[in-house]
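A.B. asks: Take a look at my_file04.cif, mmCIF, C-alpha atoms:
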```
data_query
#
loop_
_atom_site.label_atom_id
_atom_site.label_comp_id
_atom_site.auth_asym_id
_atom_site.auth_seq_id
_atom_site.Cartn_x
_atom_site.Cartn_y
_atom_site.Cartn_z
CA MET A 1 -0.80 70.05 37.84
CA LYS A 2 1.32 72.34 35.64
CA LEU A 3 1.93 69.48 33.18
CA LYS A 4 -1.81 68.84 32.96
CA THR A 5 -2.48 72.52 32.13
CA LEU A 6 0.30 72.48 29.54
CA LEU A 7 -1.12 69.34 27.88
CA LYS A 8 -4.57 70.91 27.82
CA SER A 9 -3.17 74.02 26.11
CA LEU A 10 -1.29 71.91 23.59
CA GLY A 11 -4.50 70.00 22.85
CA LYS A 12 -6.13 73.32 21.89
CA ILE A 13 -3.21 74.71 19.93
CA LEU A 14 -2.13 71.61 17.96
CA PRO A 15 -5.26 71.26 15.77
CA VAL A 16 -4.99 74.96 14.81
CA LEU A 17 -1.27 74.51 14.10
CA ALA A 18 -2.01 71.44 11.95
CA ILE A 19 -4.52 73.44 9.87
CA VAL A 20 -2.04 76.31 9.44
CA LEU A 21 0.81 74.00 8.40
CA SER A 22 -1.36 72.01 5.98
CA GLY A 23 -1.83 75.27 4.07
CA CYS A 24 1.83 75.10 3.05
CA SER A 25 1.43 71.99 0.88
CA SER A 26 -1.41 70.51 -1.08
CA GLN A 27 -2.15 67.34 -2.96
CA VAL A 28 -4.80 67.31 -5.66
CA GLU A 29 -6.06 64.29 -7.58
CA VAL A 30 -8.15 65.93 -10.29
CA GLN A 31 -11.67 64.53 -10.38
CA GLY A 32 -14.60 65.42 -12.54
CA SER A 33 -16.83 64.32 -15.37
CA PHE A 34 -17.00 65.54 -18.96
CA PRO A 35 -19.95 65.85 -21.32
CA THR A 36 -20.21 64.00 -24.62
CA PRO A 37 -19.51 66.38 -27.51
CA VAL A 38 -22.06 67.15 -30.21
CA VAL A 39 -19.79 66.63 -33.22
CA GLY A 40 -19.89 64.72 -36.49
CA GLN A 41 -18.70 61.12 -36.31
CA LEU A 42 -15.98 59.89 -38.65
CA PRO A 43 -16.65 56.43 -40.16
CA TYR A 44 -13.36 54.98 -38.94
CA THR A 45 -12.16 52.70 -36.16
CA LEU A 46 -9.60 54.38 -33.95
CA GLY A 47 -7.06 52.64 -31.78
CA ILE A 48 -6.19 54.75 -28.75
CA HIS A 49 -2.98 54.31 -26.83
CA TYR A 50 -2.51 56.02 -23.48
CA PRO A 51 1.18 55.77 -22.44
CA GLN A 52 1.93 55.30 -18.74
CA SER A 53 3.41 58.79 -18.68
CA PHE A 54 -0.02 60.12 -19.71
CA SER A 55 -2.40 57.93 -17.71
CA ASN A 56 -0.34 58.35 -14.52
CA TYR A 57 0.72 61.97 -15.12
CA THR A 58 1.36 63.80 -11.86
CA TYR A 59 2.84 67.26 -11.60
CA ILE A 60 5.17 67.64 -8.61
CA GLU A 61 6.28 71.17 -7.76
CA ASN A 62 10.07 71.32 -7.55
CA ASN A 63 10.50 75.08 -7.39
CA LYS A 64 11.71 75.97 -3.88
CA ASP A 65 10.15 79.43 -4.15
CA ARG A 66 6.68 77.93 -4.46
CA ALA A 67 4.62 75.92 -2.00
CA SER A 68 4.87 72.17 -2.29
CA ARG A 69 2.05 70.89 -4.51
CA THR A 70 1.28 67.57 -6.18
CA ILE A 71 -1.35 67.60 -8.91
CA GLY A 72 -2.48 64.24 -10.28
CA ILE A 73 -4.07 64.67 -13.71
CA GLY A 74 -3.64 61.23 -15.32
CA SER A 75 -7.00 59.61 -14.59
CA ALA A 76 -8.96 62.81 -15.36
CA GLN A 77 -7.36 63.22 -18.79
CA VAL A 78 -7.90 59.54 -19.66
CA ASN A 79 -11.54 60.06 -18.60
CA LEU A 80 -11.77 63.10 -20.92
CA PHE A 81 -10.40 61.34 -24.02
CA SER A 82 -12.46 58.21 -23.25
CA THR A 83 -15.59 60.42 -23.34
CA VAL A 84 -14.70 62.57 -26.35
CA LEU A 85 -13.27 59.96 -28.77
CA PRO A 86 -16.30 57.60 -29.03
CA SER A 87 -18.44 60.50 -30.26
CA MET A 88 -15.83 61.39 -32.93
CA PHE A 89 -15.21 57.90 -34.33
CA LYS A 90 -17.42 54.97 -35.31
CA LYS A 91 -15.49 52.70 -32.95
CA VAL A 92 -12.67 53.23 -30.45
CA ILE A 93 -10.41 50.36 -29.36
CA PRO A 94 -7.78 50.63 -26.62
CA VAL A 95 -4.33 49.68 -27.90
CA SER A 96 -1.65 48.51 -25.48
CA ASP A 97 1.28 48.28 -27.90
CA ILE A 98 1.51 50.97 -30.55
CA ASN A 99 4.20 49.12 -32.55
CA ASN A 100 2.14 45.98 -33.06
CA VAL A 101 -1.32 47.23 -34.01
CA ALA A 102 -1.71 45.88 -37.55
CA THR A 103 -1.47 42.25 -36.51
CA THR A 104 -3.71 42.40 -33.45
CA GLN A 105 -6.48 44.95 -34.04
CA PRO A 106 -8.52 45.89 -37.13
CA VAL A 107 -8.17 49.68 -36.90
CA ASP A 108 -8.02 52.51 -39.45
CA LEU A 109 -6.03 54.92 -37.29
CA VAL A 110 -4.04 54.87 -34.07
CA LEU A 111 -3.83 57.88 -31.78
CA THR A 112 -1.40 58.38 -28.95
CA VAL A 113 -1.39 61.32 -26.60
CA ASP A 114 1.05 62.63 -23.99
CA VAL A 115 1.50 65.71 -21.81
CA ASP A 116 4.20 67.98 -23.22
CA ASP A 117 4.00 70.72 -20.60
CA PHE A 118 1.96 71.74 -17.57
CA GLN A 119 1.96 75.09 -15.76
CA TYR A 120 -0.17 76.73 -13.12
CA THR A 121 -0.40 79.98 -11.19
CA VAL A 122 -2.10 80.86 -7.92
CA PRO A 123 -3.56 84.29 -6.95
CA LYS A 124 -0.61 85.15 -4.67
CA GLU A 125 1.76 84.97 -7.64
CA THR A 126 -0.24 86.94 -10.22
CA ARG A 127 -2.25 89.35 -8.03
CA VAL A 128 -5.26 88.30 -10.07
CA ASP A 129 -7.96 86.50 -8.07
CA MET A 130 -7.68 83.42 -10.27
CA TYR A 131 -6.15 79.98 -10.19
CA GLU A 132 -4.94 79.31 -13.73
CA VAL A 133 -3.61 76.19 -15.45
CA TRP A 134 -2.14 75.53 -18.89
CA ILE A 135 -1.61 72.10 -20.40
CA LYS A 136 0.13 71.31 -23.67
CA PHE A 137 -0.63 67.90 -25.18
CA ASN A 138 1.39 66.19 -27.86
CA LEU A 139 -0.82 64.09 -30.14
CA ARG A 140 0.41 61.67 -32.77
CA LEU A 141 -1.72 59.84 -35.31
CA PHE A 142 -0.52 56.70 -37.10
CA ASP A 143 -1.91 54.40 -39.76
CA PRO A 144 -2.26 50.67 -38.85
CA GLN A 145 1.20 49.98 -40.31
CA GLY A 146 2.75 52.39 -37.84
CA GLN A 147 3.43 55.18 -40.35
CA LEU A 148 3.10 58.62 -38.78
CA ILE A 149 0.25 60.64 -40.30
CA ALA A 150 0.27 63.70 -38.04
CA ASP A 151 2.13 65.01 -35.03
CA TRP A 152 0.70 68.13 -33.46
CA LEU A 153 0.37 70.11 -30.23
CA LEU A 154 -2.85 71.03 -28.48
CA THR A 155 -2.91 73.69 -25.78
CA ALA A 156 -5.62 74.08 -23.17
CA TYR A 157 -6.30 76.74 -20.56
CA GLY A 158 -8.50 76.80 -17.50
CA LYS A 159 -9.17 79.24 -14.69
CA SER A 160 -11.14 79.29 -11.50
CA PRO A 161 -11.88 82.31 -9.29
CA ASP A 162 -10.41 82.52 -5.81
CA GLU A 163 -13.51 82.26 -3.67
CA LEU A 164 -14.14 82.62 0.02
CA MET A 165 -14.57 79.30 1.82
CA GLN A 166 -12.98 77.36 -1.04
CA SER A 167 -9.75 75.45 -0.50
CA GLU A 168 -6.79 75.76 -2.85
CA SER A 169 -7.19 72.10 -3.83
CA GLU A 170 -10.81 72.66 -4.85
CA ALA A 171 -9.88 75.75 -6.88
CA ILE A 172 -7.03 73.96 -8.70
CA ASN A 173 -9.32 70.98 -9.37
CA GLN A 174 -11.95 73.33 -10.82
CA ALA A 175 -9.39 75.12 -13.02
CA MET A 176 -8.11 71.73 -14.24
CA ILE A 177 -11.62 70.58 -15.18
CA VAL A 178 -12.12 73.81 -17.17
CA ALA A 179 -8.75 73.25 -18.90
CA LEU A 180 -9.56 69.63 -19.75
CA ARG A 181 -12.97 70.67 -21.11
CA ASP A 182 -11.12 73.24 -23.21
CA ALA A 183 -8.77 70.51 -24.46
CA GLY A 184 -11.72 68.29 -25.37
CA ALA A 185 -13.45 71.18 -27.17
CA SER A 186 -10.34 72.15 -29.07
CA PHE A 187 -9.49 68.55 -29.97
CA SER A 188 -12.98 67.60 -31.19
CA LEU A 189 -13.44 70.80 -33.22
CA SER A 190 -9.95 71.05 -34.71
CA PHE A 191 -9.12 67.39 -35.42
CA ASN A 192 -10.27 67.60 -39.06
CA GLN A 193 -8.45 70.92 -39.50
CA VAL A 194 -4.94 69.53 -38.88
CA PRO A 195 -3.49 69.73 -42.45
CA GLU A 196 -2.04 66.19 -42.50
CA ILE A 197 -5.26 64.68 -41.14
CA ARG A 198 -7.38 66.66 -43.60
CA GLN A 199 -5.17 65.33 -46.39
CA TRP A 200 -5.53 61.76 -45.12
CA LEU A 201 -9.34 62.12 -44.87
CA GLU A 202 -9.51 63.54 -48.42
CA ASN A 203 -7.45 60.62 -49.70
CA GLN A 204 -9.75 58.14 -47.96
CA SER A 205 -12.92 59.73 -49.35
CA SER A 206 -11.47 59.76 -52.90
CA GLN A 207 -10.65 56.04 -52.77
CA PRO A 208 -13.32 53.67 -54.21
CA ILE A 209 -15.09 51.63 -51.51
CA MET B 1 -46.50 80.28 33.58
CA LYS B 2 -47.38 82.03 30.37
CA ARG B 3 -44.55 84.03 28.77
CA GLN B 4 -45.26 87.68 28.01
CA PHE B 5 -44.42 89.01 24.53
CA LYS B 6 -41.89 91.78 24.84
CA PRO B 7 -42.19 94.35 22.01
CA TRP B 8 -38.81 95.89 22.78
CA CYS B 9 -37.20 92.49 22.21
CA ALA B 10 -38.72 92.18 18.72
CA LEU B 11 -37.74 95.79 17.97
CA PHE B 12 -34.17 95.12 19.07
CA ILE B 13 -33.89 91.99 16.85
CA THR B 14 -35.35 93.88 13.86
CA CYS B 15 -32.94 96.80 14.34
CA LEU B 16 -30.02 94.39 14.71
CA ALA B 17 -30.99 92.55 11.53
CA VAL B 18 -31.18 95.84 9.60
CA LEU B 19 -27.91 97.11 11.05
CA MET B 20 -26.08 93.85 10.39
CA GLN B 21 -26.46 94.32 6.65
CA GLY B 22 -24.28 96.83 4.82
CA CYS B 23 -25.78 99.28 2.34
CA THR B 24 -25.77 98.76 -1.42
CA THR B 25 -26.63 101.12 -4.27
CA VAL B 26 -27.91 99.43 -7.40
CA THR B 27 -28.35 101.05 -10.83
CA ILE B 28 -30.07 99.33 -13.74
CA ASP B 29 -30.18 100.56 -17.33
CA GLN B 30 -32.10 98.86 -20.07
CA SER B 31 -32.10 99.35 -23.82
CA ARG B 32 -34.21 97.67 -26.48
CA MET B 33 -32.73 97.03 -29.91
CA THR B 34 -35.42 95.36 -31.97
CA THR B 35 -35.34 96.24 -35.66
CA ASP B 36 -39.15 96.36 -35.95
CA GLY B 37 -39.71 98.19 -32.64
CA SER B 38 -41.75 95.33 -31.19
CA LYS B 39 -41.64 94.31 -27.54
CA SER B 40 -40.08 91.04 -26.50
CA GLU B 41 -42.72 88.80 -25.01
CA LEU B 42 -42.12 85.28 -23.88
CA ILE B 43 -44.36 82.79 -25.68
CA ASP B 44 -46.07 80.19 -23.47
CA GLY B 45 -44.09 76.97 -23.34
CA LYS B 46 -40.90 78.57 -24.61
CA SER B 47 -37.71 78.74 -22.51
CA ILE B 48 -35.04 81.24 -21.59
CA VAL B 49 -31.44 80.29 -21.02
CA VAL B 50 -29.07 82.46 -18.98
CA VAL B 51 -25.39 81.81 -19.73
CA GLY B 52 -22.26 83.46 -18.32
CA ARG B 53 -19.44 84.79 -20.51
CA ARG B 54 -16.12 83.35 -19.41
CA SER B 55 -13.78 84.73 -22.07
CA GLY B 56 -12.39 87.62 -19.96
CA SER B 57 -8.77 87.09 -18.94
CA GLU B 58 -8.81 88.81 -15.54
CA TYR B 59 -12.29 88.00 -14.30
CA GLU B 60 -14.92 85.35 -14.56
CA THR B 61 -18.68 85.76 -14.55
CA GLU B 62 -19.61 83.88 -11.41
CA GLU B 63 -21.71 80.72 -11.80
CA GLU B 64 -23.76 81.58 -8.71
CA LEU B 65 -24.62 85.02 -10.15
CA VAL B 66 -25.87 83.43 -13.38
CA SER B 67 -27.83 80.85 -11.42
CA CYS B 68 -29.24 83.59 -9.14
CA ILE B 69 -30.48 85.64 -12.13
CA GLY B 70 -32.19 82.50 -13.44
CA SER B 71 -33.86 81.94 -10.05
CA VAL B 72 -35.12 85.56 -9.84
CA LEU B 73 -36.38 85.34 -13.43
CA ASP B 74 -38.42 82.31 -12.41
CA SER B 75 -39.53 83.64 -9.02
CA GLY B 76 -42.73 85.62 -9.67
CA GLN B 77 -46.35 84.59 -9.93
CA THR B 78 -46.00 83.79 -13.63
CA LYS B 79 -43.57 80.91 -14.00
CA VAL B 80 -40.78 81.18 -16.56
CA ASN B 81 -39.02 78.11 -17.86
CA VAL B 82 -35.36 78.91 -17.25
CA ILE B 83 -32.84 76.31 -18.40
CA PRO B 84 -29.94 75.89 -15.95
CA GLU B 85 -26.63 77.05 -17.41
CA THR B 86 -24.74 73.79 -16.80
CA THR B 87 -27.52 71.69 -18.39
CA PHE B 88 -27.46 73.86 -21.52
CA VAL B 89 -23.67 74.14 -21.82
CA ASP B 90 -23.05 70.43 -21.15
CA LYS B 91 -25.71 69.31 -23.62
CA LEU B 92 -24.21 71.55 -26.32
CA TYR B 93 -20.56 70.75 -25.52
CA PRO B 94 -18.17 71.87 -27.03
CA TRP B 95 -19.95 74.83 -28.68
CA PHE B 96 -20.56 77.03 -25.60
CA GLU B 97 -17.18 76.72 -23.87
CA PRO B 98 -15.22 79.90 -22.94
CA ARG B 99 -13.13 79.79 -26.15
CA THR B 100 -15.81 78.47 -28.53
CA ALA B 101 -18.99 80.29 -27.47
CA PRO B 102 -20.42 82.61 -30.17
CA MET B 103 -19.57 86.25 -29.43
CA ARG B 104 -22.10 87.81 -31.81
CA VAL B 105 -25.58 86.76 -32.73
CA GLY B 106 -24.47 86.13 -36.34
CA ASP B 107 -21.84 83.66 -35.09
CA LEU B 108 -24.52 81.56 -33.39
CA PHE B 109 -26.63 81.35 -36.51
CA ARG B 110 -23.60 80.34 -38.55
CA LEU B 111 -23.07 77.51 -36.07
CA LEU B 112 -26.68 76.44 -36.50
CA GLU B 113 -25.90 75.42 -40.07
CA TYR B 114 -24.46 72.39 -38.35
CA GLN B 115 -27.62 70.28 -38.12
CA GLU B 116 -26.73 68.20 -35.04
CA LEU B 117 -26.13 71.37 -33.00
CA SER B 118 -29.29 72.99 -34.30
CA ASP B 119 -31.32 69.88 -33.33
CA ALA B 120 -29.73 69.85 -29.86
CA ILE B 121 -30.70 73.50 -29.26
CA ASP B 122 -34.21 72.90 -30.62
CA GLU B 123 -34.73 70.25 -27.92
CA PHE B 124 -34.59 73.05 -25.32
CA ASN B 125 -37.34 75.04 -27.07
CA VAL B 126 -35.34 78.24 -26.48
CA GLN B 127 -36.84 81.64 -27.29
CA TYR B 128 -34.30 83.91 -25.62
CA LEU B 129 -30.62 83.52 -24.81
CA VAL B 130 -29.30 85.88 -22.14
CA TRP B 131 -25.52 86.32 -21.96
CA VAL B 132 -24.28 87.71 -18.67
CA ASP B 133 -20.82 89.28 -18.62
CA GLY B 134 -19.10 90.93 -15.67
CA SER B 135 -17.86 90.36 -12.16
CA THR B 136 -17.88 91.58 -8.59
CA GLN B 137 -14.57 93.05 -7.44
CA THR B 138 -13.22 94.33 -4.15
CA THR B 139 -12.18 97.90 -4.94
CA ASN B 140 -10.88 99.16 -1.61
CA LYS B 141 -9.86 97.69 1.74
CA SER B 142 -9.02 99.52 4.95
CA GLY B 143 -8.60 98.91 8.67
CA GLN B 144 -6.88 96.18 10.59
CA ILE B 145 -7.97 93.28 12.76
CA THR B 146 -5.49 91.54 15.00
CA CYS B 147 -6.18 88.06 16.31
CA ALA B 148 -4.18 86.36 19.04
CA LEU B 149 -4.06 82.71 19.98
CA GLY B 150 -3.97 82.16 23.71
CA VAL B 151 -4.69 79.44 26.21
CA THR B 152 -8.31 80.56 26.40
CA GLY B 153 -8.68 80.45 22.61
CA VAL B 154 -8.57 82.97 19.76
CA SER B 155 -9.55 86.58 20.37
CA CYS B 156 -9.61 89.43 17.86
CA PHE B 157 -9.63 93.21 18.08
CA GLY B 158 -9.86 95.91 15.45
CA PHE B 159 -11.99 97.17 12.61
CA GLY B 160 -11.95 96.44 8.90
CA SER B 161 -14.00 97.63 5.96
CA TRP B 162 -14.01 96.89 2.25
CA ASP B 163 -15.83 98.23 -0.81
CA LYS B 164 -17.23 95.96 -3.49
CA LYS B 165 -18.36 96.89 -6.96
CA ALA B 166 -20.46 94.63 -9.15
CA ASN B 167 -20.74 95.42 -12.84
CA TYR B 168 -22.71 93.16 -15.18
CA GLU B 169 -24.19 93.37 -18.64
CA ALA B 170 -26.95 91.04 -19.80
CA THR B 171 -27.23 90.81 -23.59
CA ILE B 172 -30.48 89.32 -24.89
CA TRP B 173 -30.61 87.36 -28.14
CA ASP B 174 -33.92 86.38 -29.71
CA TYR B 175 -33.41 82.86 -30.98
CA ASN B 176 -36.47 82.95 -33.28
CA LYS B 177 -35.83 86.38 -34.82
CA LYS B 178 -32.09 85.73 -34.97
CA GLU B 179 -31.19 89.16 -33.59
CA MET B 180 -30.01 90.93 -30.47
CA VAL B 181 -33.10 92.49 -28.89
CA GLY B 182 -31.74 94.29 -25.86
CA LYS B 183 -29.20 94.93 -23.16
CA ILE B 184 -29.49 95.39 -19.41
CA ASN B 185 -26.61 96.92 -17.48
CA GLY B 186 -26.50 96.43 -13.74
CA THR B 187 -24.02 98.03 -11.34
CA ALA B 188 -23.94 97.87 -7.57
CA ASP B 189 -21.65 99.43 -4.97
CA GLY B 190 -21.51 98.59 -1.31
CA THR B 191 -19.30 98.77 1.75
CA SER B 192 -18.97 95.92 4.22
CA TYR B 193 -17.71 96.31 7.79
CA MET B 194 -16.14 93.98 10.29
CA PRO B 195 -15.75 95.28 13.85
CA ALA B 196 -13.95 92.84 16.12
CA ILE B 197 -14.15 92.91 19.90
CA VAL B 198 -13.02 89.41 20.86
CA VAL B 199 -15.27 88.00 18.11
CA PRO B 200 -15.33 89.52 14.58
CA ILE B 201 -18.85 90.59 13.56
CA PRO B 202 -19.21 90.78 9.76
CA ILE B 203 -21.71 93.33 8.43
CA ILE B 204 -21.81 92.37 4.78
CA ALA B 205 -23.22 94.46 1.94
CA PRO B 206 -24.90 91.93 -0.40
CA VAL B 207 -23.57 93.61 -3.56
CA GLN B 208 -23.77 90.59 -5.85
CA GLY B 209 -27.12 89.42 -4.45
CA ASP B 210 -28.68 92.86 -4.96
CA VAL B 211 -27.45 93.30 -8.53
CA CYS B 212 -28.63 89.76 -9.35
CA LYS B 213 -32.10 90.53 -8.01
CA ALA B 214 -32.25 93.83 -9.91
CA ILE B 215 -31.15 92.28 -13.24
CA GLY B 216 -33.50 89.31 -12.77
CA LEU B 217 -36.50 91.56 -12.10
CA GLN B 218 -35.60 93.83 -15.00
CA LEU B 219 -35.43 90.79 -17.29
CA ARG B 220 -38.95 89.79 -16.15
CA SER B 221 -40.05 93.30 -17.05
CA PHE B 222 -38.19 93.15 -20.39
CA PHE B 223 -39.97 89.93 -21.34
CA ASN B 224 -43.24 91.38 -20.05
CA VAL B 225 -43.73 88.40 -17.78
CA ASP B 226 -45.44 90.47 -15.08
CA LYS B 227 -47.76 92.51 -17.32
CA ALA B 228 -48.38 95.21 -14.67
CA GLN B 229 -44.74 96.23 -14.25
CA PRO B 230 -43.54 99.38 -16.00
CA ASP B 231 -41.15 98.64 -18.86
CA ASN B 232 -38.83 101.58 -19.11
CA GLN B 233 -35.50 102.68 -17.78
CA ALA B 234 -35.37 102.05 -14.08
CA LYS B 235 -33.10 103.27 -11.38
CA ASN B 236 -33.28 101.63 -8.01
CA SER B 237 -31.55 102.37 -4.79
CA THR B 238 -31.63 100.14 -1.77
#
```
Could I get this structure in the form of structure tokens?
C.D. replies:
Amino acid sequence: MKLKTLLKSLGKILPVLAIVLSGCSSQVEVQGSFPTPVVGQLPYTLGIHYPQSFSNYTYIENNKDRASRTIGIGSAQVNLFSTVLPSMFKKVIPVSDINNVATTQPVDLVLTVDVDDFQYTVPKETRVDMYEVWIKFNLRLFDPQGQLIADWLLTAYGKSPDELMQSESEAINQAMIVALRDAGASFSLSFNQVPEIRQWLENQSSQPI
Amino acid sequence: MKRQFKPWCALFITCLAVLMQGCTTVTIDQSRMTTDGSKSELIDGKSIVVVGRRSGSEYETEEELVSCIGSVLDSGQTKVNVIPETTFVDKLYPWFEPRTAPMRVGDLFRLLEYQELSDAIDEFNVQYLVWVDGSTQTTNKSGQITCALGVTGVSCFGFGSWDKKANYEATIWDYNKKEMVGKINGTADGTSYMPAIVVPIPIIAPVQGDVCKAIGLQLRSFFNVDKAQPDNQAKNST
């Protein structure tokens, strides 16, 4: 009889305990959609190469002072660039091997992108009611012969308020979407302003067709 | 057997409903800034877009507040075509993002030199752009509620209260005249309570909801949508 009562009590307590313990770690696979930018289109064919380290990028928290978190960003950032690039270039072709583009694909430029750094903060750490994320991308642009044209960094920032009835995963996902939108905005508006790219574009426009 | 209507029962429910809501004080200030002194009237068929400013580092203008103002603006007898914030911002991506949105009216009209953006905005048939900037913050917390987990379940005891302050500014740009035509400042203060005797009973002061309603109604008055409403500085207390 006593065992039965104990089991009943455990049945009530265990689900609550499971909820409490799940608050100590979180796993986020960032999901969201991105709008097509209203920007001028360059009359060039771009080859885009997403390295494995970019398309499968997952941040795993290793700091023992912080709660265990895993944030998967890879598919969301591929989704972002796959939406933004076709509105910036006449044609976009996926490139699997960056060292062998000239012989396989008729492209004018080849872009490769990778994550250089990723950071985040949660409200408990900053005493600001915000989840914040920072991403630093490293972008490299090549000509079809594999000659480097430009190598530059792009930083993006996103934040999401700490709201009642919203889980930490949802808040981090929301902050990530804001950061990726910021990356897309910054990339599409500043691409022509990178000095080496501007130089390349000027050289192209001065050449007789 | 026919049930008898009990007036005391209805009175009790009404009193409970009133008591369950905390009190809020709302203040609204409006200023017009037209260069020619004309009033801002919404032309039939034209639209208004309400957009939140998200460039502040320590706060964020809440999406639901912006959406709420839009709903109040469109809630009277005379319908107002209010474009949802996300529709407008997504369609004009990347020009209205937190870091790229024009801060001054002159900045917007410089952007419009870019024809594709200008065409995209024209599709919305916008007459007024309302920028909402601000947030609702918890300013003070006091009291303590203790909850214990037992075999019979969770039970709580104690009392907690917290103050909230909402502070928003709506800046109105006339898209046709290419100028800022007015500002509406809305502030609201309220205290919420949570007594707990076994079960916590939240008595929430709807600070954000009240300031949203006040700004939305003042915007209707600003645009002279409801012709009968007075259009001067207003101060409301609820």
A.B. asks: Have a look at B:Thr171, B:Thr78, B:Thr187, B:Asn224 and name the one nearest to Ile28 of chain B; count all atoms listed in the file.
C.D. replies: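 Closest to Ile28 of chain B of all the choices is B:Thr187.
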A.B. asks: Would you translate the PyMOL selection byres ((chain B and resi 95-107) around 9) into the concrete set of residues it matches in this file, as a PyMOL selection string?
C.D. replies: (chain A and resi 37-38+178+181-182+185-186+189) or (chain B and resi 51+53-56+88-90+92-94+108-112+117+173-175+178-180)
A.B. asks: When you draw a straight line from atom CA of Thr24 of chain B to atom CA of Phe222 of chain B, how long is it in Å?
C.D. replies: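 About the pair atom CA of Thr24 of chain B and atom CA of Phe222 of chain B: they are 23.4 Å apart.
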A.B. asks: Which residues would end up in the selection if the PyMOL selection byres ((chain A and resi 138-153) around 12) were applied here, given that I need the answer as a VMD selection string?
C.D. replies: chain A and resid 44 to 51 53 to 54 81 95 97 to 118 135 to 137 154 to 156 183 186 to 187 190 to 201 204
A.B. asks: Atom CA of Leu80 of chain A to atom CA of Ser68 of chain A: how many Å, to one decimal?
C.D. replies: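 Between these atoms lies a distance of 26.6 Å.
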A.B. asks: Suppose you want the space between atom CA of Gly134 of chain B and atom CA of Tyr59 of chain B; what is it in Å?
C.D. replies: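 According to the coordinates, atom CA of Gly134 of chain B and atom CA of Tyr59 of chain B are separated by 7.5 Å.
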A.B. asks: Translate the PyMOL selection byres ((chain B and resi 146) around 12), as applied to the file shown, into an explicit residue set as a PyMOL selection string.
C.D. replies: chain B and resi 143-145+147-149+154-160+194-200
